[in-house]
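First comes the structure, then the notes that go with it.
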Amino acid sequence: MNLMELRIPQGFAIYYNRFYDVEPILDPNEDDFLTNWTFFTQDLLQISKMEIEKGSWNVPKDENRRIHIVLGWYPDSRASGEYGLAITNGKWDTLRKLVQGIGLR
């Protein structure tokens with residue numbers, strides 16, 4: 001099983017990655033539940049925008065200047081779910097999202 005191939009431009013840091021190249025498998029014993037649910041949760045990928053500080057790339061220490069890109073599966077572990085992508089600030093307030101059902105933290 002392989003992680004999904006990502007092409008991340010300079011200036012971003014991958015903080016967390018459990019985004020695998022797998023197909024969802026429906027659980028034959030439960031409606032709308034996936035047997036391989038661990039690959040289809042709300043927390044799959046977190047990428048943070050970096051800034052150049054004193055000549056090197058760093059994630060801003062000031063949470064008011066942080067930007068995160070997060071990917072998850074919504075609703076969590078469900079066959080009826082879909083991938084959702086959101087951009088949040090350093091306090092995890094959603095700034096933009098690509099799936100209506102996303103309720104981040």
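Just so we're on the same page: first chain in the structure tokens is A, next is B, and so on; residues restart at 1 for each chain, and ligands are numbered from 1 in the order they show up.
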
Write out as JSON, numbers by chain which residues come within 9 Å of Phe19 (chain A) when counting only C-alpha atoms, dropping same-chain ones fewer than 4 positions away. {"A": [2, 3, 4, 5, 39, 40, 43, 44, 45, 71, 72]}

Contacts of Ile87 (chain A) at 9 Å or less, counting only C-alpha atoms, minus same-chain residues fewer than 6 places along, as a list in words?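 In the requested form, the answer reads Ile67, His68, Ile69, Val70, Asp93, Thr94, Leu95, Arg96 and Lys97 of chain A.
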
What would the file look like if the residues just selected were written as a PDB file, in the first residue's frame with N, CA, C and O atoms?
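Generated output (out-v1.pdb):
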ATOM      1  N   ILE A  67      -1.412  29.314   8.061  1.00  0.00           N
ATOM      2  CA  ILE A  67      -2.444  28.813   7.147  1.00  0.00           C
ATOM      3  C   ILE A  67      -2.225  27.307   7.002  1.00  0.00           C
ATOM      4  O   ILE A  67      -1.103  26.851   6.788  1.00  0.00           O
ATOM      5  N   HIS A  68      -3.302  26.531   7.141  1.00  0.00           N
ATOM      6  CA  HIS A  68      -3.243  25.079   6.993  1.00  0.00           C
ATOM      7  C   HIS A  68      -4.162  24.644   5.862  1.00  0.00           C
ATOM      8  O   HIS A  68      -5.244  25.201   5.672  1.00  0.00           O
ATOM      9  N   ILE A  69      -3.749  23.621   5.151  1.00  0.00           N
ATOM     10  CA  ILE A  69      -4.582  22.952   4.158  1.00  0.00           C
ATOM     11  C   ILE A  69      -4.814  21.548   4.708  1.00  0.00           C
ATOM     12  O   ILE A  69      -3.848  20.837   5.007  1.00  0.00           O
ATOM     13  N   VAL A  70      -6.067  21.169   4.872  1.00  0.00           N
ATOM     14  CA  VAL A  70      -6.382  19.874   5.474  1.00  0.00           C
ATOM     15  C   VAL A  70      -7.298  19.072   4.563  1.00  0.00           C
ATOM     16  O   VAL A  70      -8.188  19.615   3.907  1.00  0.00           O
ATOM     17  N   ASP A  93      -9.978  27.910  12.351  1.00  0.00           N
ATOM     18  CA  ASP A  93     -11.219  28.438  11.790  1.00  0.00           C
ATOM     19  C   ASP A  93     -11.182  28.192  10.284  1.00  0.00           C
ATOM     20  O   ASP A  93     -10.179  28.481   9.631  1.00  0.00           O
ATOM     21  N   THR A  94     -12.270  27.667   9.721  1.00  0.00           N
ATOM     22  CA  THR A  94     -12.327  27.376   8.292  1.00  0.00           C
ATOM     23  C   THR A  94     -12.448  28.663   7.487  1.00  0.00           C
ATOM     24  O   THR A  94     -13.361  29.455   7.713  1.00  0.00           O
ATOM     25  N   LEU A  95     -11.511  28.840   6.543  1.00  0.00           N
ATOM     26  CA  LEU A  95     -11.533  30.004   5.667  1.00  0.00           C
ATOM     27  C   LEU A  95     -12.201  29.668   4.338  1.00  0.00           C
ATOM     28  O   LEU A  95     -12.932  30.469   3.775  1.00  0.00           O
ATOM     29  N   ARG A  96     -11.930  28.479   3.824  1.00  0.00           N
ATOM     30  CA  ARG A  96     -12.517  27.979   2.570  1.00  0.00           C
ATOM     31  C   ARG A  96     -12.653  26.463   2.691  1.00  0.00           C
ATOM     32  O   ARG A  96     -11.840  25.813   3.328  1.00  0.00           O
ATOM     33  N   LYS A  97     -13.682  25.915   2.022  1.00  0.00           N
ATOM     34  CA  LYS A  97     -13.828  24.464   2.013  1.00  0.00           C
ATOM     35  C   LYS A  97     -14.442  24.010   0.705  1.00  0.00           C
ATOM     36  O   LYS A  97     -15.139  24.764   0.032  1.00  0.00           O
TER      37      LYS A  97
END

With distances taken over only C-alpha atoms, which of A:Glu23, A:Arg18, A:Asp62, A:Lys54 is nearest to Thr35 (chain A)? A:Glu23

Mind pulling up the distance from CA of Asn36 (chain A) to CA of Ile8 (chain A)?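 Distance between the two atoms: 26.6 Å.
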
When you count only C-alpha atoms, which of these residues is closest to Pro75 (chain A): A:Trp92, A:Met50, A:Phe33, A:Lys61?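 Nearest to Pro75 (chain A): A:Phe33.
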
Selected residue, from A:Leu85, A:Val22, A:Asp31, A:Ile47, that lies nearest to Pro9 (chain A) when counting only C-alpha atoms: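 Nearest to Pro9 (chain A): A:Ile47.
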
How many Å lie between CA of Val99 (chain A) and CA of Tyr83 (chain A), rounded to one decimal?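 Computed distance, CA of Val99 (chain A) to CA of Tyr83 (chain A), equals 7.5 Å.
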
Write out as JSON, numbers by chain each polymer residue whose atoms come within 9 Å of Asp32 (chain A), counting only C-alpha atoms; drop sequence neighbours fewer than 3 positions from it. {"A": [26, 27, 77, 78, 79, 80, 81]}

How many Å separate CA of Gln46 (chain A) from CA of Ala13 (chain A)?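 So the two atoms, CA of Gln46 (chain A) and CA of Ala13 (chain A), lie 8.5 Å apart.
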
Chain A: residues DSSP assigns to strand (DSSP E or B), reported as a PyMOL selection string: chain A and resi 3+12-17+20+26+33-34+45-49+51-53+56-58+67-74+78+82-89+94-97

Write down as an MDAnalysis selection string the residues belonging to chain A that are assigned helix (DSSP H, G or I) by DSSP computed on the backbone. chainID A and resid 37:39 63:65

Produce a file of the selected residues containing all heavy atoms, as a PDB file, in the first residue's frame.
ATOM      1  N   TRP A  37     -11.817   1.435   6.961  1.00  0.00           N
ATOM      2  CA  TRP A  37     -12.145   2.783   7.432  1.00  0.00           C
ATOM      3  C   TRP A  37     -10.929   3.589   7.877  1.00  0.00           C
ATOM      4  O   TRP A  37     -10.961   4.815   7.850  1.00  0.00           O
ATOM      5  CB  TRP A  37     -13.169   2.712   8.564  1.00  0.00           C
ATOM      6  CG  TRP A  37     -12.660   2.037   9.793  1.00  0.00           C
ATOM      7  CD1 TRP A  37     -12.762   0.704  10.080  1.00  0.00           C
ATOM      8  CD2 TRP A  37     -11.974   2.634  10.869  1.00  0.00           C
ATOM      9  NE1 TRP A  37     -12.164   0.433  11.287  1.00  0.00           N
ATOM     10  CE2 TRP A  37     -11.659   1.613  11.788  1.00  0.00           C
ATOM     11  CE3 TRP A  37     -11.570   3.935  11.158  1.00  0.00           C
ATOM     12  CZ2 TRP A  37     -10.966   1.854  12.974  1.00  0.00           C
ATOM     13  CZ3 TRP A  37     -10.878   4.168  12.336  1.00  0.00           C
ATOM     14  CH2 TRP A  37     -10.595   3.139  13.232  1.00  0.00           C
ATOM     15  N   THR A  38      -9.846   2.931   8.277  1.00  0.00           N
ATOM     16  CA  THR A  38      -8.671   3.682   8.753  1.00  0.00           C
ATOM     17  C   THR A  38      -8.054   4.550   7.661  1.00  0.00           C
ATOM     18  O   THR A  38      -7.310   5.477   7.966  1.00  0.00           O
ATOM     19  CB  THR A  38      -7.585   2.736   9.318  1.00  0.00           C
ATOM     20  OG1 THR A  38      -7.217   1.801   8.311  1.00  0.00           O
ATOM     21  CG2 THR A  38      -8.086   2.003  10.550  1.00  0.00           C
ATOM     22  N   PHE A  39      -8.391   4.268   6.404  1.00  0.00           N
ATOM     23  CA  PHE A  39      -7.900   5.087   5.288  1.00  0.00           C
ATOM     24  C   PHE A  39      -8.904   6.171   4.890  1.00  0.00           C
ATOM     25  O   PHE A  39      -8.665   6.928   3.955  1.00  0.00           O
ATOM     26  CB  PHE A  39      -7.604   4.204   4.071  1.00  0.00           C
ATOM     27  CG  PHE A  39      -6.553   3.177   4.349  1.00  0.00           C
ATOM     28  CD1 PHE A  39      -6.899   1.847   4.517  1.00  0.00           C
ATOM     29  CD2 PHE A  39      -5.216   3.536   4.449  1.00  0.00           C
ATOM     30  CE1 PHE A  39      -5.925   0.891   4.773  1.00  0.00           C
ATOM     31  CE2 PHE A  39      -4.246   2.595   4.702  1.00  0.00           C
ATOM     32  CZ  PHE A  39      -4.603   1.268   4.869  1.00  0.00           C
ATOM     33  N   GLU A  63       0.292  32.226  15.507  1.00  0.00           N
ATOM     34  CA  GLU A  63      -0.841  31.489  14.933  1.00  0.00           C
ATOM     35  C   GLU A  63      -1.740  32.373  14.066  1.00  0.00           C
ATOM     36  O   GLU A  63      -2.470  31.872  13.218  1.00  0.00           O
ATOM     37  CB  GLU A  63      -1.657  30.792  16.018  1.00  0.00           C
ATOM     38  CG  GLU A  63      -2.453  31.687  16.903  1.00  0.00           C
ATOM     39  CD  GLU A  63      -3.256  30.923  17.949  1.00  0.00           C
ATOM     40  OE1 GLU A  63      -2.971  29.742  18.206  1.00  0.00           O
ATOM     41  OE2 GLU A  63      -4.172  31.535  18.494  1.00  0.00           O
ATOM     42  N   ASN A  64      -1.688  33.675  14.243  1.00  0.00           N
ATOM     43  CA  ASN A  64      -2.479  34.585  13.409  1.00  0.00           C
ATOM     44  C   ASN A  64      -1.950  34.653  11.972  1.00  0.00           C
ATOM     45  O   ASN A  64      -2.647  35.122  11.079  1.00  0.00           O
ATOM     46  CB  ASN A  64      -2.512  35.988  14.016  1.00  0.00           C
ATOM     47  CG  ASN A  64      -3.268  36.019  15.326  1.00  0.00           C
ATOM     48  OD1 ASN A  64      -4.331  35.414  15.449  1.00  0.00           O
ATOM     49  ND2 ASN A  64      -2.705  36.685  16.318  1.00  0.00           N
ATOM     50  N   ARG A  65      -0.721  34.200  11.756  1.00  0.00           N
ATOM     51  CA  ARG A  65      -0.152  34.207  10.404  1.00  0.00           C
ATOM     52  C   ARG A  65      -0.099  32.808   9.794  1.00  0.00           C
ATOM     53  O   ARG A  65       0.330  32.635   8.659  1.00  0.00           O
ATOM     54  CB  ARG A  65       1.262  34.808  10.449  1.00  0.00           C
ATOM     55  CG  ARG A  65       1.205  36.280  10.781  1.00  0.00           C
ATOM     56  CD  ARG A  65       2.523  37.016  10.728  1.00  0.00           C
ATOM     57  NE  ARG A  65       3.588  36.395  10.027  1.00  0.00           N
ATOM     58  CZ  ARG A  65       4.839  36.322  10.488  1.00  0.00           C
ATOM     59  NH1 ARG A  65       5.152  36.826  11.659  1.00  0.00           N
ATOM     60  NH2 ARG A  65       5.777  35.750   9.770  1.00  0.00           N
TER      61      ARG A  65
END

Determine the nearest neighbour of Leu98 (chain A) from the options A:Glu53, A:Glu82, A:Asp21, A:Asp76, counting only C-alpha atoms. A:Glu82
